[in-house]
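**Student:** Pasting a structure here, questions to come.
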Amino acid sequence: MRTQVVIIGGGPSGLLLGQLLHTIGVDAVVIERKTRDYVLSRIRAGVLERGTVDLLRQAGVDGRLHTEGLIHEGTMISLDDEMFRLNFTKTTGHPVIVYGQTEVTRDLFDARAACGAKTVFEAEEVVIGNVEGSAPTVSYTHEGRRHTITCDIVAGCDGFHGVSRQTIPQDKRREFEKVYPFGWLGVLSETPPVHHDLIYANSARGFALCSMRNANLSRYYIQCSMGDNAEDWSDEAFWEELKHRLPPEIAATLVTGPTIEKSIAPLRSFVCEPMRFGQLFLCGDAAHIVPPTGAKGLNTAASDVHYLFQGLKAFYGSNDSSGLEQYSAKALARVWKAERFSWWFTSLMHRFPEQTEFELKMQRAELEFLRTSQSAQAAMAENYVGLPY
C-alpha cells in the first residue's frame, strides 16, 4: 500500500493533523495501537488556547466546541486563605475555552469517519523504516497479518512511550528532562464546579486545582506523593484534603459526591531535539512533555501540528520543502517557551520536599508581585491564552 503521509498515533494531535491534511486533499493513514474506545477513555486536560481553537476551526471540527465549550476570561489564584483573579481578556484580548480533550478527540474521530479516511486500530509491532530515504515505510501487524505502507512523510504522534522517537538513533538526538518529586491525584465527579473560573491554589498542605468539564462535571486535583496509590484515597479523604487547600469561602461551597474516575499523574518536563530525522517528524508527547500546570500539553502538540501542516501544505501545494526543513527549529522555539511557563507556574504553586523558609518567602513574594503588577499579570495571561504561532 502507498499513501502520502502516515500518522502514527490516533490521539488528538495525530487526528488533527490528519483532518487538516484532508482539507487540502493530502492522503493520510492513521495508525493507532489501541482501540477507539480506549483512546476516548483517557482523561486529559481541557483548557484550549486560542491557537488550538483556530486549528480546530480550520479542520472543520469546532461545531460542538462552540456550543458546549465554556469560555473563560480569567482564572483565580490563591495562597492559603487569600485569592485574586487574573483577567485574560482585559490584558490580552483573548479568553481560553474549557472543552475536554476527550471531546476534542471524539469530534476528530467522527470527522475522520465521516470523510472515509483510513484509520487502523490495534496496530501492533509498528516499525518505521527508511526514514533517511525518499520512500519511508511503516510496517505493522493487524489481525494477525503483517502490513507495510510506503509513504513520503511519517508523522510520529504516538506519545512519550511510542516507537517514533525511539526510531531516531541515540547519537542523533539529545534529550532534556526534569522529573518533579510529586504527582497529581485527580478525580472526576458528576458535581457542579465550585467556581465559574479555574482555581489554582498554593497552600501549606500542597497544590490544588479546581477545574471543570461542563456545568455538571467537575475535575479536581491535589498534589500528592509519588509513593501514593489512587486506590488508597477514599472519596471522603480526597474531598477533605481538597477543602483544606482552598480558601474557606470556596471550601464552604464545594459540592462533593462519588468520583467516577481517580488516578495519579507524575509530573515531568521533557524535550527531545531535534524533532525531525530524515522524513520522520515528531509531534506532541513523542517529542516533549510538560507538567500539567497551565494546561500546555495538548496546546503545545497543536502548535507542532500547525508548523508541520504548514510545511506539508507548501510541500504538496508548490513543491516547496522549506517549511519542512524549518519545522524542528520553529516547533522547538515555541516548545521551550511552553516548557518555561509550565516550569515557572509549577515552581510557583507547589510545595517541594525540603523547601527552605527562604524559598517559601520567595514563592509568596512572587505571588504578591503577580497579584499587584499589571505587567506580571499580562505576561502570565499572554502565556496562558497561548503565544502566537
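In the C-alpha cells, chains take the letters A, B, ... in the order shown, each chain's residues start at 1, and ligands count up from 1 in the order shown.
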Which residues are close to A:Gly317, i.e. within 12 Å by only C-alpha atoms, leaving aside same-chain residues fewer than 4 positions away? Reply as a JSON list (two decimals) with N, CA and C atoms, in the first residue's frame.
**Tutor:**
```
[["chain", "number", "residue", "atom", "x", "y", "z"],
["A", 21, "LEU", "N", -4.90, 17.78, 6.86],
["A", 21, "LEU", "CA", -4.41, 17.32, 5.56],
["A", 21, "LEU", "C", -5.57, 16.96, 4.64],
["A", 24, "ILE", "N", -6.95, 19.76, 2.48],
["A", 24, "ILE", "CA", -6.19, 20.21, 1.30],
["A", 24, "ILE", "C", -5.94, 19.06, 0.33],
["A", 25, "GLY", "N", -6.64, 17.94, 0.54],
["A", 25, "GLY", "CA", -6.56, 16.84, -0.41],
["A", 25, "GLY", "C", -5.34, 15.97, -0.30],
["A", 26, "VAL", "N", -4.64, 16.00, 0.84],
["A", 26, "VAL", "CA", -3.47, 15.14, 1.04],
["A", 26, "VAL", "C", -3.91, 13.88, 1.76],
["A", 309, "PHE", "N", 1.81, 21.04, 9.50],
["A", 309, "PHE", "CA", 0.79, 21.18, 8.46],
["A", 309, "PHE", "C", 1.17, 22.26, 7.46],
["A", 310, "GLN", "N", 1.66, 23.40, 7.94],
["A", 310, "GLN", "CA", 2.07, 24.46, 7.03],
["A", 310, "GLN", "C", 3.20, 23.99, 6.13],
["A", 311, "GLY", "N", 4.14, 23.22, 6.68],
["A", 311, "GLY", "CA", 5.23, 22.69, 5.87],
["A", 311, "GLY", "C", 4.74, 21.72, 4.82],
["A", 312, "LEU", "N", 3.81, 20.83, 5.20],
["A", 312, "LEU", "CA", 3.27, 19.86, 4.26],
["A", 312, "LEU", "C", 2.39, 20.53, 3.20],
["A", 313, "LYS", "N", 1.67, 21.56, 3.60],
["A", 313, "LYS", "CA", 0.82, 22.29, 2.66],
["A", 313, "LYS", "C", 1.67, 22.91, 1.55],
["A", 321, "SER", "N", 9.87, 22.78, 0.01],
["A", 321, "SER", "CA", 10.21, 21.98, 1.19],
["A", 321, "SER", "C", 10.79, 22.82, 2.33],
["A", 323, "GLY", "N", 9.42, 24.77, 4.54],
["A", 323, "GLY", "CA", 8.69, 24.65, 5.79],
["A", 323, "GLY", "C", 9.02, 23.37, 6.53]]
```
**Student:** Looking only at the backbone, which of the residues in stretch 247-364 of chain A does DSSP tag as alpha helix (DSSP H), as a PyMOL selection string?
**Tutor:** chain A and resi 248-251+297-318+322-325+327-349+357-364
**Student:** Nearest residue to A:Asp235 out of A:Ser303, A:Thr92, A:Ser78, A:Thr259, using only C-alpha atoms?
**Tutor:**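 Counting only C-alpha atoms, the residue closest to A:Asp235 is A:Thr259.
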**Student:** Fewer than 5 positions away in the same chain doesn't count, so skip those; otherwise give me all residues within 7 Å of A:Lys34, counting only C-alpha atoms, as a VMD selection string.
**Tutor:** chain A and resid 39 121 to 122
**Student:** List as JSON, numbers by chain the protein and nucleic acid residues near A:Asn383, meaning an atom at most 12 Å away when only C-alpha atoms are counted, but skip any in the same chain fewer than 6 places from it.
**Tutor:** {"A": [49, 50, 51, 88, 91, 92, 94, 95, 96, 294, 295, 296, 299, 300, 334, 335, 337, 338, 339, 340, 341, 342, 344, 345, 376, 377]}
**Student:** Taking only C-alpha atoms into account, which of A:Pro181, A:Gly284, A:Gly100, A:Gly14 comes nearest A:Asp304?
**Tutor:**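 Ranking A:Pro181, A:Gly284, A:Gly100, A:Gly14 by distance to A:Asp304, first place goes to A:Gly284.
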**Student:** Between atom CA of A:Thr89 and atom CA of A:Met212, what is the distance, to one decimal in Å?
**Tutor:**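 Computing the Euclidean distance for atom CA of A:Thr89 and atom CA of A:Met212 yields 19.8 Å.
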**Student:** What does the structure give for the distance between atom CA of A:Arg219 and atom CA of A:Val187, in Å to one decimal?
**Tutor:**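 Between atom CA of A:Arg219 and atom CA of A:Val187 the gap is 5.8 Å.
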**Student:** Per DSSP on the backbone, what are the strand (DSSP E or B) residues of stretch 4-253 of chain A, as number ranges by chain?
**Tutor:** A: 5-8, 28-31, 47-48, 70-72, 74-79, 82-87, 96-98, 119-120, 124-129, 137-142, 145-150, 153-156, 174-189, 199-203, 206-214, 217-224
**Student:** Counting only C-alpha atoms, which of A:Arg174, A:Arg42, A:Arg364, A:His72 gets nearest to A:Ser211?
**Tutor:**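 Between A:Arg174, A:Arg42, A:Arg364, A:His72, the residue approaching A:Ser211 most closely is A:His72.
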**Student:** Please, what distance in Å, to one decimal, runs between atom CA of A:Pro292 and atom CA of A:Leu324?
**Tutor:**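 We find that atom CA of A:Pro292 and atom CA of A:Leu324 lie 28.8 Å from each other.
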**Student:** Skipping near chain neighbours, those fewer than 2 positions away, what residues fall within 9 Å of A:Lys262 using only C-alpha atoms, listed as an MDAnalysis selection string?
**Tutor:** chainID A and resid 185:188 230:231 233 259:260 264
**Student:** May I have the residues from that selection written out with C-alpha atoms, as a compact mmCIF listing (two decimals), in the first residue's frame?
**Tutor:**
```txt
# COMPACT_ATOMS: atom_id res chain seq x y z
CA LEU A 185 -4.12 12.95 42.27
CA GLY A 186 -7.08 13.79 40.03
CA VAL A 187 -10.75 12.92 40.29
CA LEU A 188 -13.75 13.40 38.03
CA ALA A 230 -5.01 6.28 43.84
CA GLU A 231 -6.93 3.33 45.31
CA TRP A 233 -7.51 7.52 48.63
CA THR A 259 -16.00 10.11 41.95
CA ILE A 260 -16.27 8.42 38.56
CA ILE A 264 -2.34 9.81 39.83
```
**Student:** Out of A:Lys243, A:His147, A:Arg2, A:Lys178, which residue has the shortest atom-to-atom distance to A:Cys210 when counting only C-alpha atoms?
**Tutor:**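 Of all the options, A:Lys243 lies closest to A:Cys210.
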**Student:** Please provide the set of residues having any atom within 12 Å of A:Ser203, restricted to only C-alpha atoms, with same-chain residues fewer than 4 positions apart removed, written as JSON, numbers by chain.
**Tutor:** {"A": [77, 78, 79, 80, 81, 82, 83, 207, 208, 209, 222, 223, 241, 242, 243, 244, 245, 246, 247, 248, 348, 349, 350, 351, 352, 360, 363, 364]}
**Student:** A:Gly183: which residues within 8 Å, counting only C-alpha atoms, same-chain residues fewer than 3 positions away excluded, as an NGL selection string?
**Tutor:** :A and (180 or 223-226 or 264-267)
**Student:** Write the residues you've just listed into a file as a PDB file, in the first residue's frame, and include C-alpha atoms for each of them.
**Tutor:**
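Once everything was written out, this is again_21.pdb:
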```pdb
ATOM      1  CA  TYR A 180       9.284  16.595  39.754  1.00  0.00           C
ATOM      2  CA  GLN A 223      -0.590  17.471  44.848  1.00  0.00           C
ATOM      3  CA  CYS A 224       0.398  14.089  46.284  1.00  0.00           C
ATOM      4  CA  SER A 225       3.447  11.960  46.992  1.00  0.00           C
ATOM      5  CA  MET A 226       4.744   9.798  44.165  1.00  0.00           C
ATOM      6  CA  ILE A 264      -2.343   9.807  39.828  1.00  0.00           C
ATOM      7  CA  ALA A 265      -0.250  11.514  37.146  1.00  0.00           C
ATOM      8  CA  PRO A 266       3.508  12.057  37.532  1.00  0.00           C
ATOM      9  CA  LEU A 267       4.958  15.460  36.631  1.00  0.00           C
TER      10      LEU A 267
END
```
**Student:** From the set A:Gly159, A:Pro291, A:Gly129, A:Pro258, which residue has the shortest atom-to-atom contact distance to A:Trp184, counting only C-alpha atoms?
**Tutor:**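 Answer, going by the shortest atom-to-atom distance: A:Pro291.
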